[in-house]
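Engineer: Got a structure for you, written out below as structure tokens; questions coming shortly.
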Amino acid sequence: MKVVLKNLTKKFPGRDRKSEGVTAVNNFCFEIPDGKLIGLLGPSGCGKSTALNLISGLLKPTEGRIFFGNDDVTDLPPELRGVGLVFQNYALYPHLTVRENIRFPLENLKGDDRPSKEEMERRVQEAAKLVQIEKLLDRKPSEMSGGQQQRVAIARAVVKMPRVLLLDEPLSNLDARLRLQTREEIRRIQRETGITTVFVTHDQEEAMSISDLIVVMKDGVIHQIDKPQTVYDDPANLFVARFLGTPPIDVFDGRVESGWLYIGDDAVLSIQGVSDRPVWVGVRPEGFALDPNGPLECGLVGVEVMGRDSTVIATHPAFDGVNIRAIIPAEQAKDVGGGRVRFSVKPFKTHIFDRADESRLRFEVK
């Protein structure tokens with residue numbers, strides 16, 4: 001089911017007449033392709049959960065329209081939109097068994113939409129098998145782990161085969177290992193069912209790992225929409241570049257002068273396509289290369305051995321932060337020593353941003 005959002009805006013009034021109120025979603029325009037998993041990504045307060053609640057019908061937009069396929073659902077209540085919802089808290093009924101929790105949405109269907117008892121049981125079994133809890137149907141939620149309870153919540157959302165599945169930070173209450181396992185399960189379930197899915201998270205690793213497309217938001221505004229790897233490699237602006245990546249991108253005070261890109265006083269790349277100006281220079285952690293003759297000289301703080309890779313922690317007077325984190329192959333770590341370290345930077349991992357509006361500036365290496 002394709003979902004189209006046209007000029008979607010949600011404004012919350014202020015607490016009193018003197019308050020201006022808050023625009024949580026601002027002129028949101030996006031088409032969610034049929035059968036895809038979309039990650040809504042951004043920091044807390046960016047409007048991603050509000051956007052999800054507008055799609056679900058839990059909130060009514062101030063302006064704009066919402067279409068499921070060719071159907072305008074803007075004014076339809078949630079129960080008539082055909083959506084499945086999974087929240088951060090599992091919201092399971094503690095007095096019901098897993099079977100009864102999953103069956104609950106089917107029992108609330110009316111008229112011809114309400115399946116027979118036999119059909120309900122078949123669909124409950126299918127949903128439980130899909131999330132791999134078919135052997136736990138007679139348990140109560142209190143007898144299950146957090147990961148198992150989240151699977152029940154997902155099964156309950158998909159049992160009626162919704163047109164759109166909406167997940168609002170469903171992994172936040174799980175520990176690190178369960179988060180990894182459950183997000184892989186969500187991706188598998190989405191592919192097997194083919195349900196158009198919107199996944200809200202502030203965790204960029206989650207969004208990048210399972211999404212077909214990610215929507216990066218800030219202050220209710222879309223900053224970039226694209227495939228996860230494209231957004232990482234080709235950020236639209238400094239906010240997107242900073243938000244994606246672990247460790248985060250290293251940002252320096254720089255300038256372009258006479259065809260050279262400078263980080264502080266170090267001329268690191270010969271470039272063309274950008275006029276002389278002060279800029280922000282962003283280098284991904286994997287964009288540094290150890291080079292005894294490299295142009296970027298840094299103070300060495302230490303080396304973190306991570307197994308496959310090592311992280312060189314360094315300082316530079318032009319760095320916009322505390323410590324630079326440069327990822328290098330583990331076998332090169334033995335060559336790092338003394339109080340100083342030199343790097344060259346990889347052009348395809350280096351980005352230039354305008355100092356005024358922080359937009360990306362395209363350049364070519366001479």
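Ordering of the structure tokens sets the chain letters (A, B, ...); residue numbers start at 1 within each chain; ligands are numbered from 1 in the order shown.
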What parts of region 101-150 of chain A does DSSP call helix (DSSP H, G or I)? I'd like the answer as a ChimeraX atom specification.
Structural biologist: /A:101-107,111-113,117-130,134-136,141-143,146-150
Engineer: Keeping N, CA and C atoms, export the residues of the selection given above as a short mmCIF file (atom, residue, chain, number, x, y, z; two decimals), in the first residue's frame.
Structural biologist:
data_model
loop_
_atom_site.label_atom_id
_atom_site.label_comp_id
_atom_site.auth_asym_id
_atom_site.auth_seq_id
_atom_site.Cartn_x
_atom_site.Cartn_y
_atom_site.Cartn_z
N ASN A 101 -4.14 -12.05 23.51
CA ASN A 101 -3.62 -10.73 23.13
C ASN A 101 -3.55 -10.59 21.61
N ILE A 102 -3.05 -11.61 20.95
CA ILE A 102 -2.92 -11.55 19.49
C ILE A 102 -4.30 -11.53 18.83
N ARG A 103 -5.25 -12.29 19.40
CA ARG A 103 -6.57 -12.42 18.81
C ARG A 103 -7.44 -11.17 19.02
N PHE A 104 -7.06 -10.35 19.99
CA PHE A 104 -7.91 -9.22 20.40
C PHE A 104 -8.33 -8.31 19.23
N PRO A 105 -7.43 -7.89 18.33
CA PRO A 105 -7.86 -7.02 17.22
C PRO A 105 -8.90 -7.69 16.31
N LEU A 106 -8.80 -9.01 16.15
CA LEU A 106 -9.76 -9.71 15.30
C LEU A 106 -11.14 -9.75 15.95
N GLU A 107 -11.18 -9.86 17.25
CA GLU A 107 -12.47 -9.91 17.96
C GLU A 107 -13.18 -8.57 17.92
N GLY A 111 -19.19 -6.89 11.72
CA GLY A 111 -19.89 -7.32 10.52
C GLY A 111 -19.17 -8.35 9.71
N ASP A 112 -19.13 -8.13 8.39
CA ASP A 112 -18.52 -9.09 7.48
C ASP A 112 -17.01 -9.18 7.66
N ASP A 113 -16.41 -8.16 8.27
CA ASP A 113 -14.96 -8.17 8.46
C ASP A 113 -14.54 -9.11 9.60
N LYS A 117 -14.43 -18.10 14.40
CA LYS A 117 -13.50 -18.51 15.45
C LYS A 117 -12.37 -19.36 14.88
N GLU A 118 -12.72 -20.24 13.93
CA GLU A 118 -11.70 -21.09 13.32
C GLU A 118 -10.69 -20.25 12.53
N GLU A 119 -11.22 -19.25 11.81
CA GLU A 119 -10.34 -18.37 11.04
C GLU A 119 -9.47 -17.53 11.96
N MET A 120 -10.05 -17.07 13.07
CA MET A 120 -9.25 -16.32 14.05
C MET A 120 -8.09 -17.16 14.56
N GLU A 121 -8.36 -18.41 14.92
CA GLU A 121 -7.31 -19.27 15.46
C GLU A 121 -6.23 -19.53 14.41
N ARG A 122 -6.64 -19.71 13.17
CA ARG A 122 -5.66 -19.95 12.10
C ARG A 122 -4.74 -18.73 11.94
N ARG A 123 -5.34 -17.54 11.97
CA ARG A 123 -4.55 -16.33 11.78
C ARG A 123 -3.67 -16.05 12.99
N VAL A 124 -4.15 -16.36 14.18
CA VAL A 124 -3.31 -16.22 15.38
C VAL A 124 -2.11 -17.13 15.28
N GLN A 125 -2.33 -18.37 14.86
CA GLN A 125 -1.23 -19.32 14.70
C GLN A 125 -0.22 -18.84 13.66
N GLU A 126 -0.71 -18.30 12.56
CA GLU A 126 0.18 -17.80 11.51
C GLU A 126 1.00 -16.62 12.02
N ALA A 127 0.35 -15.70 12.73
CA ALA A 127 1.06 -14.52 13.25
C ALA A 127 2.10 -14.93 14.28
N ALA A 128 1.74 -15.88 15.15
CA ALA A 128 2.68 -16.35 16.17
C ALA A 128 3.87 -17.05 15.53
N LYS A 129 3.61 -17.83 14.49
CA LYS A 129 4.70 -18.51 13.79
C LYS A 129 5.61 -17.51 13.09
N LEU A 130 5.01 -16.45 12.57
CA LEU A 130 5.78 -15.43 11.87
C LEU A 130 6.82 -14.79 12.79
N GLU A 134 5.15 -19.40 18.53
CA GLU A 134 4.00 -20.30 18.47
C GLU A 134 3.93 -21.27 19.65
N LYS A 135 5.05 -21.49 20.35
CA LYS A 135 5.06 -22.39 21.50
C LYS A 135 4.74 -21.66 22.81
N LEU A 136 4.49 -20.35 22.73
CA LEU A 136 4.28 -19.56 23.95
C LEU A 136 2.86 -19.02 24.04
N PRO A 141 1.83 -12.41 29.65
CA PRO A 141 2.95 -11.51 29.40
C PRO A 141 4.00 -11.49 30.52
N SER A 142 3.55 -11.62 31.77
CA SER A 142 4.48 -11.58 32.91
C SER A 142 5.44 -12.77 32.92
N GLU A 143 5.11 -13.79 32.16
CA GLU A 143 5.95 -15.00 32.10
C GLU A 143 6.93 -14.96 30.93
N GLY A 146 11.36 -9.42 27.78
CA GLY A 146 11.02 -8.21 27.03
C GLY A 146 10.98 -8.43 25.54
N GLY A 147 11.95 -9.18 25.02
CA GLY A 147 11.98 -9.46 23.59
C GLY A 147 10.79 -10.28 23.14
N GLN A 148 10.38 -11.23 23.96
CA GLN A 148 9.21 -12.05 23.62
C GLN A 148 7.94 -11.22 23.66
N GLN A 149 7.83 -10.32 24.63
CA GLN A 149 6.65 -9.47 24.70
C GLN A 149 6.56 -8.55 23.48
N GLN A 150 7.72 -8.06 23.02
CA GLN A 150 7.69 -7.21 21.84
C GLN A 150 7.26 -8.00 20.61
#
Engineer: Can you list, as number ranges by chain, every protein, DNA or RNA residue that comes within 8 Å of region 353-361 of chain A when you count only C-alpha atoms, leaving out same-chain residues fewer than 4 positions away?
Structural biologist: A: 235-239, 274, 278-282
Engineer: Work out how far CA of Thr9 (chain A) is from CA of Ser44 (chain A), in Å to one decimal.
Structural biologist: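 Computing it gives 18.1 Å between the two atoms.
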Engineer: Could you jot down the CA of Ile327 (chain A) to CA of Cys298 (chain A) separation for me, Å, one decimal place?
Structural biologist: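 Result for CA of Ile327 (chain A) versus CA of Cys298 (chain A): 14.4 Å, one decimal.
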Engineer: So, with only C-alpha atoms as the atoms that count, which of A:Lys140, A:Arg362, A:Arg163, A:Arg81 lies closest to Thr196 (chain A)?
Structural biologist: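 Among the listed residues, A:Arg163 lies closest to Thr196 (chain A).
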Engineer: Could you give me, as number ranges by chain, the residues within 10 Å of Gly307 (chain A), counting only C-alpha atoms and dropping anything in the same chain fewer than 3 positions from it?
Structural biologist: A: 304, 310, 329-331
Engineer: Using only C-alpha atoms, which protein or nucleic acid residues come within 9 Å of region 250-263 of chain A? Drop anything in the same chain fewer than 5 positions from it, and give the result as number ranges by chain.
Structural biologist: A: 242, 268-285, 296, 316-321, 323-326, 352, 366
Engineer: Any idea what the distance is between CA of Phe87 (chain A) and CA of Pro13 (chain A)?
Structural biologist: 25.1 Å
Engineer: Near region 169-176 of chain A, counting only C-alpha atoms, which residues have an atom at most 12 Å away, once you skip same-chain residues fewer than 6 positions from it, shown as JSON, numbers by chain?
Structural biologist: {"A": [39, 40, 41, 42, 44, 48, 49, 52, 85, 86, 87, 88, 89, 90, 91, 145, 146, 147, 148, 149, 150, 151, 152, 153, 154, 182, 183, 184, 185, 186, 198, 199, 200, 201, 202, 203, 204, 205, 206, 207]}
